[in-house]
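This is coords.cif (mmCIF, C-alpha atoms).
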```
data_target
#
loop_
_atom_site.label_atom_id
_atom_site.label_comp_id
_atom_site.auth_asym_id
_atom_site.auth_seq_id
_atom_site.Cartn_x
_atom_site.Cartn_y
_atom_site.Cartn_z
CA MET A 29 -13.09 -18.67 -12.90
CA ASP A 30 -9.99 -19.34 -15.00
CA ILE A 31 -6.40 -18.84 -13.89
CA LEU A 32 -6.13 -15.36 -15.46
CA VAL A 33 -9.10 -13.95 -13.49
CA PHE A 34 -8.09 -15.87 -10.35
CA THR A 35 -4.56 -14.43 -10.53
CA ILE A 36 -5.77 -10.86 -11.03
CA LEU A 37 -8.24 -11.08 -8.14
CA ILE A 38 -5.58 -12.49 -5.82
CA TRP A 39 -3.15 -9.81 -6.94
CA LEU A 40 -5.68 -7.05 -6.13
CA GLY A 41 -6.60 -8.63 -2.78
CA SER A 42 -2.93 -8.96 -1.84
CA MET A 43 -2.30 -5.34 -2.74
CA VAL A 44 -5.07 -4.17 -0.41
CA ALA A 45 -3.81 -6.52 2.32
CA GLY A 46 -0.25 -5.22 1.95
CA PHE A 47 -1.44 -1.63 1.98
CA LEU A 48 -3.54 -2.00 5.13
CA GLY A 49 -0.92 -4.22 6.74
CA SER A 50 1.83 -1.65 6.42
CA LEU A 51 -0.43 1.27 7.36
CA THR A 52 -1.35 -0.38 10.63
CA GLY A 53 2.00 -2.04 11.23
CA LEU A 54 0.45 -5.50 11.43
CA GLY A 55 1.95 -6.75 8.17
CA GLY A 56 0.16 -8.19 5.15
CA GLY A 57 0.55 -11.84 6.15
CA VAL A 58 -2.13 -11.76 8.83
CA VAL A 59 -4.79 -11.03 6.20
CA ILE A 60 -3.34 -12.98 3.24
CA VAL A 61 -3.73 -16.45 4.75
CA PRO A 62 -7.40 -16.00 5.78
CA LEU A 63 -8.14 -14.26 2.48
CA LEU A 64 -6.76 -17.16 0.44
CA ALA A 65 -8.17 -19.88 2.69
CA LEU A 66 -11.62 -18.45 3.37
CA VAL A 67 -12.44 -16.41 0.27
CA PHE A 68 -10.58 -18.26 -2.47
CA GLY A 69 -10.84 -21.75 -0.99
CA VAL A 70 -7.10 -22.38 -1.18
CA ASP A 71 -5.67 -25.17 1.01
CA ILE A 72 -4.14 -23.49 4.06
CA ARG A 73 -0.72 -25.05 3.37
CA TYR A 74 -0.46 -23.35 -0.04
CA ALA A 75 -1.76 -20.15 1.56
CA ILE A 76 0.91 -20.21 4.28
CA GLY A 77 3.66 -20.87 1.72
CA ALA A 78 2.60 -17.91 -0.44
CA SER A 79 2.18 -15.61 2.56
CA LEU A 80 5.63 -16.45 3.92
CA VAL A 81 7.23 -15.43 0.63
CA SER A 82 5.38 -12.10 0.66
CA VAL A 83 6.56 -11.46 4.22
CA ILE A 84 10.19 -11.66 3.09
CA ALA A 85 9.47 -9.25 0.24
CA THR A 86 7.83 -6.65 2.51
CA SER A 87 10.51 -6.83 5.17
CA SER A 88 13.41 -6.51 2.72
CA GLY A 89 11.66 -3.85 0.66
CA ALA A 90 10.99 -1.64 3.66
CA ALA A 91 14.42 -2.09 5.25
CA ALA A 92 16.18 0.23 2.81
CA ALA A 93 13.88 3.08 3.80
CA TYR A 94 14.23 2.44 7.55
CA VAL A 95 17.99 2.15 7.46
CA LYS A 96 18.43 5.75 6.35
CA GLU A 97 16.71 6.99 9.49
CA GLY A 98 19.30 5.28 11.68
CA PHE A 99 16.92 3.64 14.15
CA SER A 100 17.57 -0.07 13.68
CA ASN A 101 20.17 -1.84 15.80
CA ILE A 102 21.98 -4.56 13.87
CA ARG A 103 23.56 -6.23 16.90
CA ILE A 104 20.30 -6.61 18.80
CA GLY A 105 18.69 -7.93 15.62
CA MET A 106 21.43 -10.42 14.81
CA PHE A 107 21.63 -11.82 18.33
CA LEU A 108 17.89 -12.28 18.62
CA GLU A 109 17.76 -13.83 15.14
CA ILE A 110 19.41 -16.93 16.63
CA ALA A 111 16.20 -17.34 18.64
CA THR A 112 13.76 -16.44 15.85
CA THR A 113 15.37 -18.67 13.21
CA LEU A 114 15.51 -21.66 15.58
CA GLY A 115 11.89 -20.92 16.46
CA ALA A 116 11.02 -20.72 12.76
CA LEU A 117 12.45 -24.21 12.21
CA ALA A 118 10.40 -25.49 15.15
CA GLY A 119 7.28 -23.84 13.73
CA ALA A 120 7.88 -25.34 10.28
CA PHE A 121 8.41 -28.73 11.95
CA TRP A 122 4.99 -28.55 13.60
CA ALA A 123 3.31 -27.16 10.48
CA ALA A 124 3.75 -30.52 8.77
CA ARG A 125 2.51 -32.51 11.75
CA LEU A 126 -0.52 -30.63 13.04
CA PRO A 127 -3.90 -31.10 11.33
CA THR A 128 -4.85 -28.09 9.17
CA SER A 129 -7.94 -27.44 11.31
CA THR A 130 -5.71 -27.00 14.39
CA ILE A 131 -3.46 -24.61 12.46
CA ALA A 132 -6.54 -22.59 11.49
CA ILE A 133 -7.64 -22.31 15.14
CA ILE A 134 -4.16 -21.23 16.28
CA PHE A 135 -4.12 -18.74 13.43
CA GLY A 136 -7.40 -17.21 14.58
CA ILE A 137 -6.19 -16.85 18.17
CA ILE A 138 -2.89 -15.23 17.11
CA LEU A 139 -4.85 -12.92 14.81
CA LEU A 140 -6.98 -11.72 17.73
CA TYR A 141 -3.96 -11.27 19.95
CA SER A 142 -1.93 -9.34 17.35
CA ALA A 143 -4.84 -6.98 16.76
CA TYR A 144 -5.14 -6.44 20.50
CA LEU A 145 -1.40 -5.78 20.87
CA SER A 146 -1.24 -3.26 18.07
CA GLY A 147 -4.37 -1.43 19.19
CA ARG A 148 -3.04 -0.87 22.69
CA GLN A 149 -1.62 2.49 23.63
CA GLN A 150 2.09 2.67 24.09
CA ARG A 151 3.06 3.31 27.67
CA ARG A 152 5.90 5.63 28.54
CA ARG A 153 8.15 4.23 31.19
CA GLN A 154 10.03 6.28 33.74
CA GLU A 155 12.38 3.87 35.40
CA ALA A 156 16.01 4.05 36.42
CA ASP A 157 17.90 3.11 33.28
CA ARG A 158 20.99 1.35 34.54
CA PRO A 159 23.10 -0.71 32.12
CA ASP A 160 22.56 -4.47 32.16
CA PRO A 161 25.82 -6.51 32.34
CA LEU A 162 24.83 -9.11 29.73
CA ALA A 163 23.52 -6.52 27.28
CA THR A 164 26.71 -4.52 27.76
CA ARG A 165 28.84 -7.59 27.06
CA LEU A 166 26.86 -8.17 23.88
CA LYS A 167 27.30 -4.52 22.88
CA MET A 168 23.55 -4.03 22.45
CA ASP A 169 23.27 -0.54 23.93
CA GLY A 170 22.96 2.14 21.30
CA SER A 171 21.58 5.51 20.36
CA TYR A 172 19.03 6.89 17.95
CA PRO A 173 18.27 10.30 16.47
CA THR A 174 15.59 12.51 18.06
CA PRO A 175 14.72 16.16 17.38
CA GLN A 176 16.83 16.97 20.48
CA GLY A 177 19.89 15.10 19.16
CA LEU A 178 21.16 11.55 19.76
CA GLU A 179 19.38 9.70 22.56
CA HIS A 180 21.23 6.83 24.23
CA TYR A 181 19.49 3.73 25.54
CA HIS A 182 20.31 0.59 27.50
CA VAL A 183 18.98 -2.88 26.76
CA HIS A 184 17.61 -5.12 29.54
CA SER A 185 16.34 -8.66 30.18
CA VAL A 186 18.22 -10.32 27.32
CA PRO A 187 17.39 -13.95 28.30
CA SER A 188 13.62 -13.43 28.57
CA GLY A 189 13.60 -11.37 25.38
CA PHE A 190 15.48 -14.21 23.69
CA GLY A 191 12.87 -16.70 24.91
CA LEU A 192 9.95 -14.64 23.64
CA MET A 193 11.74 -14.27 20.31
CA PHE A 194 11.87 -18.06 20.00
CA LEU A 195 8.09 -18.05 20.40
CA ALA A 196 7.75 -15.26 17.81
CA GLY A 197 9.84 -17.31 15.38
CA SER A 198 7.73 -20.43 16.00
CA ILE A 199 4.51 -18.53 15.29
CA SER A 200 6.04 -17.12 12.11
CA GLY A 201 7.18 -20.56 10.94
CA LEU A 202 3.91 -22.28 11.80
CA LEU A 203 1.52 -19.71 10.34
CA GLY A 204 3.51 -18.00 7.59
CA ILE A 205 3.21 -14.52 9.07
CA GLY A 206 5.90 -12.05 10.15
CA SER A 207 4.70 -11.99 13.80
CA GLY A 208 6.06 -8.47 14.12
CA ALA A 209 3.65 -7.71 16.97
CA VAL A 210 5.26 -10.35 19.22
CA LYS A 211 8.77 -9.25 18.23
CA VAL A 212 7.98 -5.66 19.13
CA LEU A 213 6.41 -6.84 22.40
CA ALA A 214 9.66 -8.64 23.29
CA MET A 215 11.90 -5.69 22.50
CA ASP A 216 9.75 -2.73 23.51
CA GLN A 217 8.07 -4.08 26.64
CA MET A 218 10.42 -6.77 27.88
CA MET A 219 13.88 -5.56 26.88
CA ARG A 220 12.88 -1.89 27.24
CA ILE A 221 14.28 -0.86 23.87
CA PRO A 222 12.82 2.44 22.54
CA PHE A 223 9.71 1.90 20.43
CA LYS A 224 11.12 3.23 17.16
CA VAL A 225 14.25 1.09 17.52
CA SER A 226 12.07 -1.94 18.33
CA THR A 227 9.81 -1.61 15.29
CA THR A 228 12.57 -1.02 12.75
CA THR A 229 14.79 -3.76 14.18
CA SER A 230 11.77 -6.08 14.18
CA ASN A 231 11.21 -5.35 10.49
CA PHE A 232 14.82 -6.29 9.82
CA MET A 233 14.43 -9.56 11.70
CA ILE A 234 11.17 -10.57 10.02
CA GLY A 235 12.86 -11.26 6.67
CA VAL A 236 15.57 -13.48 8.14
CA THR A 237 13.05 -15.33 10.32
CA ALA A 238 10.73 -15.96 7.38
CA ALA A 239 13.64 -17.09 5.19
CA ALA A 240 14.50 -19.77 7.77
CA SER A 241 11.10 -21.44 7.48
CA ALA A 242 10.62 -20.61 3.77
CA GLY A 243 13.49 -22.99 2.92
CA VAL A 244 11.69 -25.82 4.71
CA TYR A 245 8.37 -24.92 3.07
CA LEU A 246 9.99 -24.85 -0.38
CA ASN A 247 11.51 -28.28 0.12
CA ARG A 248 8.16 -29.63 1.25
CA GLY A 249 6.39 -28.36 -1.86
CA TYR A 250 4.18 -25.82 -0.05
CA ILE A 251 5.27 -22.89 -2.24
CA ASP A 252 3.30 -22.88 -5.49
CA PRO A 253 4.63 -20.45 -8.12
CA GLY A 254 1.23 -19.74 -9.69
CA LEU A 255 -0.21 -18.69 -6.34
CA ALA A 256 2.85 -17.06 -4.76
CA MET A 257 3.44 -14.86 -7.84
CA PRO A 258 0.36 -12.59 -7.51
CA VAL A 259 0.54 -12.66 -3.71
CA MET A 260 4.17 -11.55 -3.57
CA LEU A 261 3.85 -8.86 -6.25
CA GLY A 262 0.58 -7.57 -4.77
CA VAL A 263 1.72 -7.39 -1.15
CA LEU A 264 5.01 -5.78 -2.14
CA ILE A 265 3.36 -2.98 -4.13
CA GLY A 266 0.62 -2.49 -1.52
CA SER A 267 3.03 -2.26 1.40
CA LEU A 268 5.32 0.19 -0.40
CA LEU A 269 2.30 2.41 -1.08
CA GLY A 270 1.35 2.02 2.59
CA THR A 271 4.70 3.25 3.92
CA HIS A 272 4.48 6.36 1.73
CA GLU A 273 0.90 6.98 2.74
CA LEU A 274 1.78 6.80 6.43
CA VAL A 275 3.21 10.30 6.41
CA ILE A 276 0.10 12.03 5.14
CA ALA A 277 -2.97 9.93 5.86
CA LYS A 278 -4.90 10.04 9.09
CA THR A 279 -4.65 6.41 10.09
CA HIS A 280 -7.05 6.36 13.03
CA ARG A 281 -10.21 5.47 11.12
CA LEU A 282 -8.39 3.01 8.87
CA ARG A 283 -7.04 1.27 11.93
CA ILE A 284 -10.55 0.76 13.26
CA VAL A 285 -11.70 -0.62 9.90
CA PHE A 286 -8.70 -2.94 9.74
CA SER A 287 -9.24 -4.14 13.31
CA ALA A 288 -12.85 -4.95 12.46
CA ILE A 289 -11.76 -6.94 9.39
CA ILE A 290 -9.22 -8.83 11.47
CA LEU A 291 -11.80 -9.61 14.16
CA LEU A 292 -14.16 -11.06 11.54
CA LEU A 293 -11.41 -13.09 9.87
CA ALA A 294 -10.23 -14.42 13.23
CA ILE A 295 -13.71 -15.61 14.22
CA GLU A 296 -14.20 -17.16 10.78
CA MET A 297 -10.84 -18.97 10.97
CA ILE A 298 -11.59 -20.37 14.43
CA TYR A 299 -15.12 -21.39 13.39
CA ASN A 300 -13.89 -23.14 10.25
CA GLY A 301 -11.16 -24.84 12.22
CA LEU A 302 -13.57 -26.09 14.89
CA THR A 303 -16.01 -27.42 12.30
CA LYS A 304 -13.09 -29.01 10.40
CA ARG A 305 -13.85 -27.16 7.19
CA ILE A 306 -10.24 -26.06 6.83
CA MET B 30 39.62 4.68 -1.39
CA SER B 31 40.12 5.94 2.13
CA LYS B 32 42.86 5.00 4.55
CA ALA B 33 43.86 1.35 4.72
CA LYS B 34 43.12 0.98 8.43
CA ASP B 35 39.56 2.26 8.38
CA THR B 36 36.77 0.25 9.91
CA TRP B 37 33.16 0.65 8.93
CA THR B 38 30.82 2.56 11.15
CA ASN B 39 27.50 0.94 12.00
CA GLN B 40 25.73 3.51 9.86
CA GLN B 41 27.81 2.59 6.78
CA VAL B 42 27.14 -1.10 7.30
CA GLU B 43 23.42 -0.45 7.62
CA THR B 44 23.36 1.58 4.43
CA ILE B 45 25.09 -1.18 2.46
CA ILE B 46 22.71 -3.75 3.93
CA GLY B 47 19.70 -1.61 3.06
CA ASN B 48 20.82 -1.33 -0.55
CA LEU B 49 21.59 -5.05 -0.72
CA LEU B 50 18.09 -5.90 0.46
CA ARG B 51 16.44 -3.46 -1.92
CA GLY B 52 18.49 -4.75 -4.86
CA GLY B 53 17.59 -8.35 -4.01
CA VAL B 54 13.89 -7.60 -3.81
CA ILE B 55 13.85 -5.64 -7.09
CA LEU B 56 15.72 -8.44 -8.90
CA ALA B 57 13.46 -11.12 -7.41
CA ALA B 58 10.29 -9.18 -8.25
CA ALA B 59 11.47 -8.66 -11.85
CA VAL B 60 12.14 -12.38 -12.33
CA VAL B 61 8.80 -13.34 -10.72
CA PHE B 62 6.98 -10.82 -12.91
CA THR B 63 8.63 -12.09 -16.12
CA GLY B 64 7.83 -15.67 -15.19
CA GLY B 65 4.29 -14.58 -14.30
CA VAL B 66 3.66 -13.08 -17.74
CA PHE B 67 4.75 -16.32 -19.45
CA TYR B 68 2.74 -18.32 -16.94
CA LEU B 69 -0.48 -16.40 -17.66
CA PHE B 70 -0.02 -16.76 -21.43
CA ARG B 71 0.52 -20.48 -21.04
CA TYR B 72 -2.01 -21.37 -18.34
CA GLY B 73 -4.38 -18.34 -18.29
CA PRO B 74 -7.43 -20.13 -19.74
CA ALA B 75 -6.99 -23.24 -17.54
CA TYR B 76 -8.71 -23.68 -14.17
CA PRO B 77 -6.94 -23.17 -10.86
CA ASP B 78 -7.01 -26.00 -8.36
CA TYR B 79 -5.70 -25.24 -4.91
CA ARG B 80 -8.51 -26.82 -2.90
CA VAL B 81 -6.70 -30.07 -2.40
CA PHE B 82 -3.10 -30.04 -1.27
CA ARG B 83 -0.84 -32.18 -3.44
CA GLY B 84 2.50 -30.46 -3.00
CA GLU B 85 4.75 -29.23 -5.77
CA PRO B 86 6.57 -31.62 -8.14
CA THR B 87 10.12 -32.38 -7.04
CA ASP B 88 11.75 -30.12 -9.64
CA LEU B 89 10.09 -27.10 -8.02
CA ARG B 90 11.24 -28.04 -4.53
CA THR B 91 15.02 -28.00 -4.66
CA VAL B 92 17.57 -25.35 -5.56
CA HIS B 93 19.02 -27.66 -8.21
CA GLY B 94 15.67 -28.53 -9.77
CA ILE B 95 14.49 -24.91 -9.87
CA LEU B 96 17.69 -23.78 -11.62
CA ALA B 97 17.34 -26.50 -14.25
CA ASP B 98 13.67 -25.61 -14.80
CA ALA B 99 14.30 -21.88 -15.05
CA LEU B 100 17.18 -22.36 -17.50
CA SER B 101 14.92 -24.31 -19.84
CA PHE B 102 12.53 -21.34 -19.53
CA HIS B 103 9.56 -23.06 -17.93
CA SER B 104 7.28 -20.29 -16.65
CA ARG B 105 6.64 -21.94 -13.29
CA GLY B 106 10.35 -22.65 -12.88
CA LEU B 107 11.14 -19.02 -13.65
CA ILE B 108 8.72 -17.74 -10.99
CA GLN B 109 10.16 -20.22 -8.53
CA LEU B 110 13.67 -18.94 -9.33
CA GLY B 111 12.49 -15.41 -8.47
CA LEU B 112 11.06 -16.67 -5.19
CA LEU B 113 14.33 -18.46 -4.48
CA LEU B 114 16.22 -15.19 -5.09
CA LEU B 115 13.84 -13.52 -2.67
CA ILE B 116 14.47 -16.15 0.03
CA ALA B 117 18.21 -15.83 -0.63
CA THR B 118 18.18 -12.05 -0.08
CA PRO B 119 18.04 -12.10 3.75
CA VAL B 120 20.55 -14.97 3.68
CA ALA B 121 22.93 -12.77 1.66
CA ARG B 122 22.37 -10.01 4.19
CA VAL B 123 23.45 -12.32 7.02
CA ALA B 124 26.47 -13.53 5.03
CA PHE B 125 27.51 -9.94 4.36
CA SER B 126 27.15 -9.09 8.06
CA ILE B 127 29.82 -11.68 8.87
CA TYR B 128 32.23 -9.79 6.64
CA ALA B 129 31.19 -6.46 8.17
CA PHE B 130 31.69 -7.71 11.74
CA LEU B 131 35.09 -9.13 10.72
CA ARG B 132 36.10 -5.71 9.44
CA GLN B 133 34.93 -4.15 12.67
CA GLY B 134 37.00 -6.73 14.56
CA ASP B 135 33.95 -7.90 16.53
CA ARG B 136 34.60 -11.59 17.09
CA THR B 137 31.56 -12.21 19.29
CA TYR B 138 29.24 -11.11 16.53
CA VAL B 139 31.13 -13.01 13.86
CA VAL B 140 30.25 -16.16 15.82
CA VAL B 141 26.65 -15.05 16.43
CA THR B 142 26.16 -14.32 12.74
CA LEU B 143 27.79 -17.59 11.63
CA LEU B 144 25.30 -19.40 13.82
CA VAL B 145 22.34 -17.65 12.16
CA LEU B 146 23.79 -18.33 8.70
CA THR B 147 24.19 -22.04 9.51
CA ILE B 148 20.54 -22.29 10.57
CA LEU B 149 19.40 -20.53 7.38
CA LEU B 150 21.52 -22.71 5.07
CA TYR B 151 20.41 -25.85 6.86
CA SER B 152 16.80 -24.94 6.07
CA LEU B 153 17.38 -23.76 2.51
CA LEU B 154 19.49 -26.72 1.43
CA GLY B 155 16.87 -29.19 2.58
CA GLY B 156 17.99 -30.22 6.06
CA ARG B 157 15.80 -32.87 7.68
CA LEU B 158 13.26 -31.73 10.22
#
```
File written out as structure tokens:
Amino acid sequence: MDILVFTILIWLGSMVAGFLGSLTGLGGGVVIVPLLALVFGVDIRYAIGASLVSVIATSSGAAAAYVKEGFSNIRIGMFLEIATTLGALAGAFWAARLPTSTIAIIFGIILLYSAYLSGRQQRRRQEADRPDPLATRLKMDGSYPTPQGLEHYHVHSVPSGFGLMFLAGSISGLLGIGSGAVKVLAMDQMMRIPFKVSTTTSNFMIGVTAAASAGVYLNRGYIDPGLAMPVMLGVLIGSLLGTHELVIAKTHRLRIVFSAIILLLAIEMIYNGLTKRI
Amino acid sequence: MSKAKDTWTNQQVETIIGNLLRGGVILAAAVVFTGGVFYLFRYGPAYPDYRVFRGEPTDLRTVHGILADALSFHSRGLIQLGLLLLIATPVARVAFSIYAFLRQGDRTYVVVTLLVLTILLYSLLGGRL
């Protein structure tokens, strides 16, 4: 297989990954790394570098569309980005020090957990919604459009949300994925921010978080242009198609298919890590 | 131009940021694509080798080296320049937010955003980890 064929195959694979990733909200990165490492036999460090770059492209590309809807909250995002970018640096620090087989095992576990998180039903909470002093001081409370007009919300548990965001950043920096599932978990479940606001703000944060570790990866020589080129272009096109498709397509069956793929990839990653093949 | 004393609403800021991000991605993708076409013409028939990790040569690792490579029109340097533009896009977004928070007179968030920008620049400009 020469470079021309290799590039085209990776481009096509990345496009499918980006498409499914944005349809299901899991992001393309979770499939790109296993795809490159397991199917194409790419060293996991190159795979993580290429995936990280594609994560920035998807996040920034989708942001323009989300912004128009008026859901994202810039202040929440910016404040929590202190945690995710510091976490991303920590993750990139460990990426150079852990053996690749360990990284593969961690990747498999996170893959399983992300699939579980995204497959879970959203619970509706009915609790007293009193303002939280710290969140008020940080001007995090906001409002978002609903069919019944503007709906106001209060933000809670800022310190624990901040802590979980550090973890989300570390995972992103270590594995080269957006770790949107953990970010949404922190905002939606822990800080009790409305789901729509959580997902769009998370998308905003993913690009900045990934940029923080991408700098380190670039300086370490993990980002190979020949590999990152088809991955970035493929994921970008695929994910843009996915966001358009979301409106019309029935996603239920696709979600089941995607979850099955993720389950298989996760097991394969863990197995290859345990047997030191990665 | 509107009145001199106007401050931006959050919605206006978000719209500008959205356009900034989209512009950055389109520019980056165009540069990566151009570099990619040259790359495939030059290296298409060769064989890929990513099984063993060697790391990129130094000129593809630093901002300075990538610029020099891209200016002399090396295909791999050109792709890398596109990727660098892509990484710089969220950084530009954060830098712009500082200006937006200044205009809104929100000092707390000017400090918060400066902190994020410092972390990003530290990483991008090759800070030691």
Inset, instruction - Using all atoms listed in the file, determine which residues of chain A fall within 7 Å of chain B; present them as a PyMOL selection string. - result: chain A and resi 29-32+69-71+84-85+88-89+91-92+95-96+98+106-107+109-110+113+121+235-236+239-244+246-250+252-254+257+261
Pick out the residues sitting within 12 Å of Ser142 (chain A), and hand them over as a PDB file with C-alpha atoms, keeping the file's coordinate frame; count all atoms listed in the file, and ignore anything fewer than 6 positions along from it in its own chain.
```
ATOM      1  CA  GLY A  49      -0.920  -4.220   6.740  1.00  0.00           C
ATOM      2  CA  THR A  52      -1.350  -0.380  10.630  1.00  0.00           C
ATOM      3  CA  GLY A  53       2.000  -2.040  11.230  1.00  0.00           C
ATOM      4  CA  LEU A  54       0.450  -5.500  11.430  1.00  0.00           C
ATOM      5  CA  GLY A  55       1.950  -6.750   8.170  1.00  0.00           C
ATOM      6  CA  GLY A  57       0.550 -11.840   6.150  1.00  0.00           C
ATOM      7  CA  VAL A  58      -2.130 -11.760   8.830  1.00  0.00           C
ATOM      8  CA  VAL A  59      -4.790 -11.030   6.200  1.00  0.00           C
ATOM      9  CA  PHE A 135      -4.120 -18.740  13.430  1.00  0.00           C
ATOM     10  CA  GLY A 136      -7.400 -17.210  14.580  1.00  0.00           C
ATOM     11  CA  ARG A 148      -3.040  -0.870  22.690  1.00  0.00           C
ATOM     12  CA  ALA A 196       7.750 -15.260  17.810  1.00  0.00           C
ATOM     13  CA  ILE A 199       4.510 -18.530  15.290  1.00  0.00           C
ATOM     14  CA  ILE A 205       3.210 -14.520   9.070  1.00  0.00           C
ATOM     15  CA  GLY A 206       5.900 -12.050  10.150  1.00  0.00           C
ATOM     16  CA  SER A 207       4.700 -11.990  13.800  1.00  0.00           C
ATOM     17  CA  GLY A 208       6.060  -8.470  14.120  1.00  0.00           C
ATOM     18  CA  ALA A 209       3.650  -7.710  16.970  1.00  0.00           C
ATOM     19  CA  VAL A 210       5.260 -10.350  19.220  1.00  0.00           C
ATOM     20  CA  LYS A 211       8.770  -9.250  18.230  1.00  0.00           C
ATOM     21  CA  VAL A 212       7.980  -5.660  19.130  1.00  0.00           C
ATOM     22  CA  LEU A 213       6.410  -6.840  22.400  1.00  0.00           C
ATOM     23  CA  SER A 287      -9.240  -4.140  13.310  1.00  0.00           C
ATOM     24  CA  ILE A 290      -9.220  -8.830  11.470  1.00  0.00           C
ATOM     25  CA  LEU A 291     -11.800  -9.610  14.160  1.00  0.00           C
ATOM     26  CA  ALA A 294     -10.230 -14.420  13.230  1.00  0.00           C
TER      27      ALA A 294
END
```
Inset, instruction - Would you kindly return, as a ChimeraX atom specification, each protein, DNA or RNA residue with an atom no farther than 8 Å from any atom of region 296-302 of chain A, considering all atoms listed in the file and excluding same-chain residues fewer than 6 positions away? - result: /A:62,66,128-137
Expected file contents, prior selection, C-alpha atoms, as a PDB file, keeping the file's coordinate frame:
```pdb
ATOM      1  CA  PRO A  62      -7.400 -16.000   5.780  1.00  0.00           C
ATOM      2  CA  LEU A  66     -11.620 -18.450   3.370  1.00  0.00           C
ATOM      3  CA  THR A 128      -4.850 -28.090   9.170  1.00  0.00           C
ATOM      4  CA  SER A 129      -7.940 -27.440  11.310  1.00  0.00           C
ATOM      5  CA  THR A 130      -5.710 -27.000  14.390  1.00  0.00           C
ATOM      6  CA  ILE A 131      -3.460 -24.610  12.460  1.00  0.00           C
ATOM      7  CA  ALA A 132      -6.540 -22.590  11.490  1.00  0.00           C
ATOM      8  CA  ILE A 133      -7.640 -22.310  15.140  1.00  0.00           C
ATOM      9  CA  ILE A 134      -4.160 -21.230  16.280  1.00  0.00           C
ATOM     10  CA  PHE A 135      -4.120 -18.740  13.430  1.00  0.00           C
ATOM     11  CA  GLY A 136      -7.400 -17.210  14.580  1.00  0.00           C
ATOM     12  CA  ILE A 137      -6.190 -16.850  18.170  1.00  0.00           C
TER      13      ILE A 137
END
```
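One distance worth recording is that between CA of Leu202 (chain A) and CA of Ile251 (chain A), which is 14.1 Å.
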Return the padded bounding box of region 53-60 of chain A as lines of an AutoDock Vina configuration file: axis-aligned, built from all atoms listed in the file, 4 Å added on each side, with centre and edge lengths in Å to one decimal.
```
center_x = -1.4
center_y = -7.5
center_z = 7.3
size_x = 14.8
size_y = 18.9
size_z = 16.2
```
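Note that CA of Ser82 (chain A) and CA of Met43 (chain A) are 10.8 Å apart.
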Inset, instruction - Counting only C-alpha atoms, figure out which residue out of B:Val60, B:Ala124, B:Leu131, B:Val139 gets nearest to Ala99 (chain B). - result: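 Smallest separation from Ala99 (chain B) among the options: B:Val60.
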Legend entry - Expected answer as a ChimeraX atom specification: all residues with atoms within 12 Å of (20.7, 1.1, 32.7), all atoms listed in the file: /A:154-164,168-170,180-185,219-221
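Interatomic distance, CA of Ile72 (chain A) to CA of Thr63 (chain B): 26.5 Å.
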Inset, instruction - I would like the residues chosen by the PyMOL selection byres ((chain A and resi 231) around 8) on the shown file; could you give them as a PyMOL selection string? - result: chain A and resi 87+90-91+208+227-230+232-235
Given the file shown, determine the residues that the PyMOL selection byres ((chain A and resi 78) around 8) selects; report them as a short mmCIF file (atom, residue, chain, number, x, y, z; two decimals) with C-alpha atoms, in the coordinates of the input.
```
data_model
loop_
_atom_site.label_atom_id
_atom_site.label_comp_id
_atom_site.auth_asym_id
_atom_site.auth_seq_id
_atom_site.Cartn_x
_atom_site.Cartn_y
_atom_site.Cartn_z
CA TYR A 74 -0.46 -23.35 -0.04
CA ALA A 75 -1.76 -20.15 1.56
CA ILE A 76 0.91 -20.21 4.28
CA GLY A 77 3.66 -20.87 1.72
CA SER A 79 2.18 -15.61 2.56
CA LEU A 80 5.63 -16.45 3.92
CA VAL A 81 7.23 -15.43 0.63
CA SER A 82 5.38 -12.10 0.66
CA ILE A 251 5.27 -22.89 -2.24
CA ASP A 252 3.30 -22.88 -5.49
CA LEU A 255 -0.21 -18.69 -6.34
CA ALA A 256 2.85 -17.06 -4.76
CA VAL A 259 0.54 -12.66 -3.71
CA MET A 260 4.17 -11.55 -3.57
#
```
Residues near Ser188 (chain A), anyone? I mean within 9 Å using all atoms listed in the file, not counting same-chain ones fewer than 4 positions away, as an mmCIF file with C-alpha atoms, keeping the file's coordinate frame.
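Ended up saving to result36.cif:
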```cif
data_model
loop_
_atom_site.group_PDB
_atom_site.id
_atom_site.type_symbol
_atom_site.label_atom_id
_atom_site.label_comp_id
_atom_site.auth_asym_id
_atom_site.auth_seq_id
_atom_site.Cartn_x
_atom_site.Cartn_y
_atom_site.Cartn_z
ATOM 1 C CA LEU A 192 9.950 -14.640 23.640
ATOM 2 C CA MET A 193 11.740 -14.270 20.310
ATOM 3 C CA ALA A 214 9.660 -8.640 23.290
ATOM 4 C CA MET A 218 10.420 -6.770 27.880
ATOM 5 C CA MET A 219 13.880 -5.560 26.880
#
```
